[in-house]
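Source file: data_30.txt (compact mmCIF, N, CA and C atoms)
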# COMPACT_ATOMS: atom_id res chain seq x y z
N MET A 88 120.44 91.27 179.02
CA MET A 88 119.51 92.12 178.31
C MET A 88 118.98 93.21 179.25
N ILE A 89 118.63 92.83 180.46
CA ILE A 89 118.14 93.80 181.41
C ILE A 89 119.25 94.79 181.76
N HIS A 90 120.45 94.28 181.84
CA HIS A 90 121.58 95.14 182.16
C HIS A 90 121.78 96.20 181.06
N SER A 91 121.69 95.81 179.80
CA SER A 91 121.87 96.78 178.71
C SER A 91 120.72 97.78 178.66
N LEU A 92 119.52 97.33 178.99
CA LEU A 92 118.37 98.24 179.03
C LEU A 92 118.52 99.25 180.15
N ARG A 93 118.94 98.77 181.34
CA ARG A 93 119.16 99.65 182.47
C ARG A 93 120.28 100.66 182.16
N HIS A 94 121.30 100.20 181.49
CA HIS A 94 122.40 101.09 181.13
C HIS A 94 121.94 102.16 180.13
N ALA A 95 121.07 101.79 179.16
CA ALA A 95 120.57 102.73 178.16
C ALA A 95 119.67 103.78 178.80
N LEU A 96 118.87 103.35 179.76
CA LEU A 96 117.93 104.28 180.40
C LEU A 96 118.62 105.22 181.40
N THR A 97 119.69 104.78 181.97
CA THR A 97 120.37 105.62 182.95
C THR A 97 121.57 106.37 182.38
N SER A 98 121.83 106.27 181.14
CA SER A 98 122.97 106.97 180.54
C SER A 98 122.68 108.46 180.43
N ARG A 99 123.74 109.21 180.22
CA ARG A 99 123.59 110.67 180.12
C ARG A 99 122.85 111.07 178.84
N MET A 100 122.82 110.27 177.85
CA MET A 100 122.16 110.59 176.57
C MET A 100 120.66 110.28 176.59
N ALA A 101 120.21 109.50 177.55
CA ALA A 101 118.80 109.10 177.59
C ALA A 101 117.88 110.30 177.76
N GLY A 102 118.23 111.24 178.60
CA GLY A 102 117.39 112.42 178.85
C GLY A 102 117.22 113.28 177.61
N PRO A 103 118.29 113.71 176.96
CA PRO A 103 118.14 114.52 175.75
C PRO A 103 117.45 113.79 174.59
N VAL A 104 117.74 112.47 174.47
CA VAL A 104 117.08 111.70 173.40
C VAL A 104 115.58 111.61 173.66
N ALA A 105 115.20 111.36 174.89
CA ALA A 105 113.77 111.28 175.23
C ALA A 105 113.09 112.62 175.03
N THR A 106 113.76 113.71 175.38
CA THR A 106 113.21 115.04 175.18
C THR A 106 113.02 115.33 173.70
N ALA A 107 114.01 115.00 172.88
CA ALA A 107 113.90 115.21 171.43
C ALA A 107 112.77 114.37 170.84
N LEU A 108 112.68 113.13 171.29
CA LEU A 108 111.60 112.25 170.81
C LEU A 108 110.23 112.81 171.19
N ALA A 109 110.11 113.32 172.40
CA ALA A 109 108.84 113.91 172.84
C ALA A 109 108.49 115.14 172.00
N MET A 110 109.49 115.95 171.67
CA MET A 110 109.24 117.13 170.83
C MET A 110 108.80 116.73 169.42
N VAL A 111 109.44 115.73 168.86
CA VAL A 111 109.05 115.25 167.52
C VAL A 111 107.63 114.71 167.54
N LEU A 112 107.29 113.94 168.55
CA LEU A 112 105.93 113.39 168.66
C LEU A 112 104.90 114.52 168.87
N ALA A 113 105.23 115.52 169.64
CA ALA A 113 104.31 116.65 169.85
C ALA A 113 104.10 117.42 168.55
N ALA A 114 105.19 117.64 167.81
CA ALA A 114 105.07 118.34 166.52
C ALA A 114 104.24 117.52 165.54
N THR A 115 104.44 116.23 165.50
CA THR A 115 103.66 115.35 164.63
C THR A 115 102.18 115.39 165.00
N LEU A 116 101.90 115.35 166.31
CA LEU A 116 100.51 115.44 166.76
C LEU A 116 99.89 116.78 166.37
N GLY A 117 100.63 117.87 166.51
CA GLY A 117 100.11 119.18 166.14
C GLY A 117 99.81 119.28 164.65
N LEU A 118 100.70 118.76 163.82
CA LEU A 118 100.47 118.78 162.37
C LEU A 118 99.27 117.91 161.99
N ALA A 119 99.17 116.74 162.61
CA ALA A 119 98.04 115.85 162.32
C ALA A 119 96.72 116.50 162.76
N TRP A 120 96.75 117.17 163.92
CA TRP A 120 95.53 117.84 164.41
C TRP A 120 95.10 118.94 163.46
N ALA A 121 96.04 119.73 162.97
CA ALA A 121 95.72 120.81 162.03
C ALA A 121 95.15 120.24 160.74
N ASP A 122 95.72 119.14 160.27
CA ASP A 122 95.22 118.50 159.05
C ASP A 122 93.81 117.96 159.26
N TRP A 123 93.57 117.33 160.40
CA TRP A 123 92.23 116.81 160.70
C TRP A 123 91.21 117.94 160.80
N THR A 124 91.61 119.04 161.39
CA THR A 124 90.70 120.19 161.52
C THR A 124 90.36 120.76 160.14
N ALA A 125 91.35 120.86 159.28
CA ALA A 125 91.10 121.37 157.92
C ALA A 125 90.18 120.42 157.15
N ASP A 126 90.43 119.11 157.27
CA ASP A 126 89.57 118.13 156.60
C ASP A 126 88.14 118.21 157.12
N ARG A 127 88.01 118.40 158.42
CA ARG A 127 86.67 118.49 159.01
C ARG A 127 85.93 119.72 158.49
N ALA A 128 86.61 120.85 158.38
CA ALA A 128 85.98 122.07 157.86
C ALA A 128 85.54 121.87 156.40
N VAL A 129 86.38 121.22 155.61
CA VAL A 129 86.03 120.96 154.21
C VAL A 129 84.81 120.05 154.13
N LEU A 130 84.79 119.02 154.94
CA LEU A 130 83.66 118.08 154.92
C LEU A 130 82.38 118.74 155.42
N GLU A 131 82.47 119.60 156.43
CA GLU A 131 81.27 120.30 156.92
C GLU A 131 80.72 121.24 155.86
N ARG A 132 81.60 121.93 155.11
CA ARG A 132 81.13 122.79 154.01
C ARG A 132 80.46 121.96 152.93
N ARG A 133 81.04 120.81 152.62
CA ARG A 133 80.46 119.93 151.58
C ARG A 133 79.10 119.41 152.03
N ILE A 134 78.99 119.07 153.30
CA ILE A 134 77.69 118.60 153.82
C ILE A 134 76.65 119.71 153.72
N ALA A 135 77.04 120.94 154.04
CA ALA A 135 76.11 122.07 153.94
C ALA A 135 75.68 122.29 152.50
N GLU A 136 76.62 122.20 151.56
CA GLU A 136 76.27 122.36 150.14
C GLU A 136 75.31 121.27 149.68
N LEU A 137 75.60 120.03 150.07
CA LEU A 137 74.73 118.91 149.68
C LEU A 137 73.35 119.03 150.31
N THR A 138 73.28 119.53 151.53
CA THR A 138 71.99 119.72 152.18
C THR A 138 71.17 120.77 151.45
N GLN A 139 71.81 121.88 151.07
CA GLN A 139 71.10 122.91 150.31
C GLN A 139 70.65 122.38 148.96
N GLN A 140 71.50 121.61 148.31
CA GLN A 140 71.15 121.04 147.02
C GLN A 140 69.97 120.07 147.17
N ALA A 141 69.97 119.27 148.22
CA ALA A 141 68.87 118.34 148.46
C ALA A 141 67.57 119.09 148.74
N ASP A 142 67.65 120.19 149.49
CA ASP A 142 66.45 120.99 149.77
C ASP A 142 65.88 121.58 148.48
N ARG A 143 66.76 122.10 147.62
CA ARG A 143 66.28 122.65 146.34
C ARG A 143 65.68 121.56 145.48
N SER A 144 66.31 120.41 145.46
CA SER A 144 65.82 119.28 144.66
C SER A 144 64.46 118.81 145.20
N GLN A 145 64.33 118.77 146.51
CA GLN A 145 63.07 118.35 147.11
C GLN A 145 61.96 119.33 146.76
N SER A 146 62.26 120.62 146.80
CA SER A 146 61.25 121.62 146.43
C SER A 146 60.84 121.46 144.98
N LEU A 147 61.82 121.19 144.11
CA LEU A 147 61.51 121.00 142.70
C LEU A 147 60.63 119.79 142.50
N TRP A 148 60.97 118.67 143.15
CA TRP A 148 60.17 117.46 143.00
C TRP A 148 58.75 117.66 143.55
N LYS A 149 58.63 118.38 144.66
CA LYS A 149 57.29 118.64 145.20
C LYS A 149 56.47 119.49 144.24
N ALA A 150 57.10 120.49 143.64
CA ALA A 150 56.39 121.35 142.69
C ALA A 150 55.97 120.54 141.46
N GLN A 151 56.87 119.68 140.98
CA GLN A 151 56.52 118.85 139.82
C GLN A 151 55.40 117.87 140.15
N LEU A 152 55.43 117.31 141.35
CA LEU A 152 54.37 116.39 141.76
C LEU A 152 53.03 117.12 141.85
N ALA A 153 53.05 118.31 142.43
CA ALA A 153 51.80 119.07 142.54
C ALA A 153 51.28 119.45 141.15
N ALA A 154 52.18 119.83 140.26
CA ALA A 154 51.76 120.17 138.89
C ALA A 154 51.22 118.94 138.18
N CYS A 155 51.83 117.80 138.42
CA CYS A 155 51.35 116.56 137.80
C CYS A 155 49.96 116.20 138.31
N HIS A 156 49.75 116.33 139.61
CA HIS A 156 48.43 116.05 140.17
C HIS A 156 47.40 117.04 139.64
N ALA A 157 47.79 118.29 139.52
CA ALA A 157 46.85 119.29 138.99
C ALA A 157 46.52 119.00 137.54
N ALA A 158 47.51 118.62 136.75
CA ALA A 158 47.26 118.31 135.33
C ALA A 158 46.39 117.07 135.20
N ALA A 159 46.64 116.08 136.04
CA ALA A 159 45.82 114.87 135.99
C ALA A 159 44.37 115.19 136.36
N GLY A 160 44.19 116.05 137.36
CA GLY A 160 42.83 116.46 137.74
C GLY A 160 42.15 117.23 136.63
N ALA A 161 42.87 118.10 135.95
CA ALA A 161 42.30 118.87 134.85
C ALA A 161 41.94 117.95 133.69
N ASN A 162 42.78 116.96 133.41
CA ASN A 162 42.48 116.02 132.33
C ASN A 162 41.24 115.19 132.65
N ARG A 163 41.12 114.74 133.91
CA ARG A 163 39.92 113.97 134.29
C ARG A 163 38.67 114.84 134.18
N LEU A 164 38.79 116.10 134.56
CA LEU A 164 37.65 117.01 134.49
C LEU A 164 37.25 117.24 133.03
N THR A 165 38.21 117.43 132.15
CA THR A 165 37.91 117.65 130.74
C THR A 165 37.30 116.40 130.12
N GLU A 166 37.82 115.22 130.47
CA GLU A 166 37.25 113.97 129.95
C GLU A 166 35.82 113.78 130.45
N ALA A 167 35.58 114.07 131.72
CA ALA A 167 34.23 113.93 132.27
C ALA A 167 33.28 114.90 131.59
N ALA A 168 33.74 116.10 131.31
CA ALA A 168 32.89 117.07 130.63
C ALA A 168 32.60 116.62 129.20
N TYR A 169 33.58 116.04 128.56
CA TYR A 169 33.41 115.57 127.19
C TYR A 169 32.40 114.42 127.17
N GLU A 170 32.50 113.52 128.17
CA GLU A 170 31.57 112.40 128.24
C GLU A 170 30.17 112.88 128.61
N SER A 171 30.06 113.91 129.44
CA SER A 171 28.74 114.39 129.84
C SER A 171 28.02 115.10 128.69
N SER A 172 28.81 115.58 127.72
CA SER A 172 28.19 116.22 126.58
C SER A 172 27.79 115.21 125.50
N GLY A 173 27.86 113.93 125.87
CA GLY A 173 27.47 112.90 124.93
C GLY A 173 28.62 112.42 124.07
N GLY A 174 29.80 112.86 124.36
CA GLY A 174 30.96 112.41 123.61
C GLY A 174 31.05 113.01 122.22
N THR A 175 30.35 114.11 122.02
CA THR A 175 30.38 114.73 120.69
C THR A 175 31.59 115.65 120.60
N PRO A 176 32.28 115.65 119.49
CA PRO A 176 33.46 116.47 119.36
C PRO A 176 33.16 117.95 119.17
N GLU A 177 31.90 118.31 119.01
CA GLU A 177 31.59 119.71 118.75
C GLU A 177 31.72 120.53 120.02
N GLY A 178 32.14 121.73 119.87
CA GLY A 178 32.29 122.63 121.01
C GLY A 178 33.66 122.46 121.66
N ASP A 179 33.99 123.46 122.42
CA ASP A 179 35.28 123.47 123.13
C ASP A 179 35.17 122.61 124.38
N PRO A 180 36.12 121.70 124.62
CA PRO A 180 36.06 120.89 125.84
C PRO A 180 36.12 121.73 127.11
N LYS A 181 36.76 122.90 127.03
CA LYS A 181 36.81 123.76 128.21
C LYS A 181 35.43 124.31 128.55
N ASP A 182 34.63 124.59 127.52
CA ASP A 182 33.25 125.02 127.77
C ASP A 182 32.45 123.90 128.43
N ALA A 183 32.68 122.68 127.96
CA ALA A 183 31.99 121.54 128.57
C ALA A 183 32.45 121.37 130.02
N ALA A 184 33.72 121.61 130.28
CA ALA A 184 34.22 121.50 131.65
C ALA A 184 33.58 122.57 132.53
N ARG A 185 33.43 123.76 132.00
CA ARG A 185 32.77 124.83 132.77
C ARG A 185 31.33 124.45 133.08
N ARG A 186 30.64 123.87 132.09
CA ARG A 186 29.26 123.42 132.34
C ARG A 186 29.22 122.36 133.44
N LEU A 187 30.17 121.44 133.36
CA LEU A 187 30.22 120.39 134.38
C LEU A 187 30.49 120.98 135.76
N LEU A 188 31.36 121.97 135.82
CA LEU A 188 31.65 122.62 137.10
C LEU A 188 30.41 123.29 137.66
N SER A 189 29.63 123.90 136.80
CA SER A 189 28.45 124.61 137.28
C SER A 189 27.32 123.65 137.65
N GLN A 190 27.34 122.44 137.14
CA GLN A 190 26.24 121.51 137.38
C GLN A 190 26.50 120.51 138.50
N GLN A 191 27.73 120.06 138.65
CA GLN A 191 27.99 118.97 139.59
C GLN A 191 28.96 119.41 140.68
N PRO A 192 28.69 119.05 141.93
CA PRO A 192 29.59 119.44 143.01
C PRO A 192 30.95 118.74 142.93
N GLU A 193 31.04 117.56 142.26
CA GLU A 193 32.33 116.88 142.15
C GLU A 193 33.33 117.75 141.38
N GLY A 194 32.84 118.49 140.39
CA GLY A 194 33.71 119.36 139.62
C GLY A 194 34.27 120.48 140.47
N ILE A 195 33.47 120.96 141.40
CA ILE A 195 33.94 122.01 142.29
C ILE A 195 35.05 121.47 143.19
N ASP A 196 34.90 120.21 143.64
CA ASP A 196 35.93 119.60 144.46
C ASP A 196 37.25 119.47 143.69
N VAL A 197 37.16 119.12 142.43
CA VAL A 197 38.36 119.00 141.60
C VAL A 197 39.01 120.37 141.46
N CYS A 198 38.21 121.38 141.25
CA CYS A 198 38.73 122.74 141.10
C CYS A 198 39.41 123.18 142.40
N ALA A 199 38.80 122.88 143.52
CA ALA A 199 39.40 123.25 144.81
C ALA A 199 40.72 122.53 145.02
N ARG A 200 40.77 121.25 144.62
CA ARG A 200 42.02 120.52 144.74
C ARG A 200 43.09 121.11 143.84
N MET A 201 42.70 121.54 142.64
CA MET A 201 43.67 122.15 141.72
C MET A 201 44.18 123.47 142.28
N GLU A 202 43.29 124.26 142.88
CA GLU A 202 43.72 125.53 143.47
C GLU A 202 44.67 125.30 144.63
N SER A 203 44.39 124.28 145.45
CA SER A 203 45.29 124.01 146.57
C SER A 203 46.65 123.51 146.06
N ALA A 204 46.64 122.78 144.96
CA ALA A 204 47.91 122.33 144.37
C ALA A 204 48.69 123.54 143.84
N ASP A 205 47.98 124.49 143.23
CA ASP A 205 48.64 125.71 142.74
C ASP A 205 49.24 126.50 143.91
N GLN A 206 48.51 126.57 145.01
CA GLN A 206 49.03 127.28 146.19
C GLN A 206 50.25 126.57 146.75
N ALA A 207 50.25 125.24 146.72
CA ALA A 207 51.40 124.49 147.20
C ALA A 207 52.62 124.75 146.34
N VAL A 208 52.41 124.83 145.03
CA VAL A 208 53.52 125.12 144.13
C VAL A 208 54.06 126.52 144.39
N LEU A 209 53.17 127.48 144.54
CA LEU A 209 53.61 128.84 144.78
C LEU A 209 54.32 128.99 146.12
N SER A 210 53.87 128.26 147.12
CA SER A 210 54.52 128.36 148.43
C SER A 210 55.92 127.78 148.40
N THR A 211 56.15 126.74 147.57
CA THR A 211 57.50 126.18 147.49
C THR A 211 58.43 127.09 146.71
N LEU A 212 57.90 127.92 145.85
CA LEU A 212 58.74 128.82 145.07
C LEU A 212 59.16 130.05 145.85
N LYS A 213 58.47 130.35 146.94
CA LYS A 213 58.81 131.53 147.75
C LYS A 213 59.98 131.28 148.55

Will you turn the file into structure tokens for me?
Amino acid sequence: MIHSLRHALTSRMAGPVATALAMVLAATLGLAWADWTADRAVLERRIAELTQQADRSQSLWKAQLAACHAAAGANRLTEAAYESSGGTPEGDPKDAARRLLSQQPEGIDVCARMESADQAVLSTLK
């Protein structure tokens, strides 16, 4: 077995066969490298698209959360104004809310929180 291996390696055909095999392997490596590079570029573009989409989605969710908090604050303010007026259905609840704002400092705090929520929404839209 060793004799046949030694004969195969020292024959006149061993050099050209090894050279051809090396060329085929180099060409295969070059094609694989080009394919990997193309796949990497495609994946990097997809990652960039998904990152932009996630940023837009995050901005939307933040705006919706701020709007929800602002609406909840406005509803609590209107309910408090309605209760402070004795719970009577007469009159506009917004007028009662304005009265509550002018009379109690807690109403001013709610208004300030609503304004800051509005500013947060506007800043995310810019």

List the neighbours of Ala150 in chain A out to 10 Å using only C-alpha atoms; skip same-chain residues closer than 6 positions along the sequence, and give me the result as number ranges by chain. A: 144, 156, 204-205, 207-212

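Between CA of Arg133 in chain A and CA of Gln151 in chain A there is a distance of 26.7 Å.
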
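Put simply, CA of Thr106 in chain A is 20.1 Å away from atom N of Trp120 in chain A.
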
CA of Ala105 in chain A and CA of Leu118 in chain A are how many Å apart?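 Separating CA of Ala105 in chain A from CA of Leu118 in chain A is a distance of 20.0 Å.
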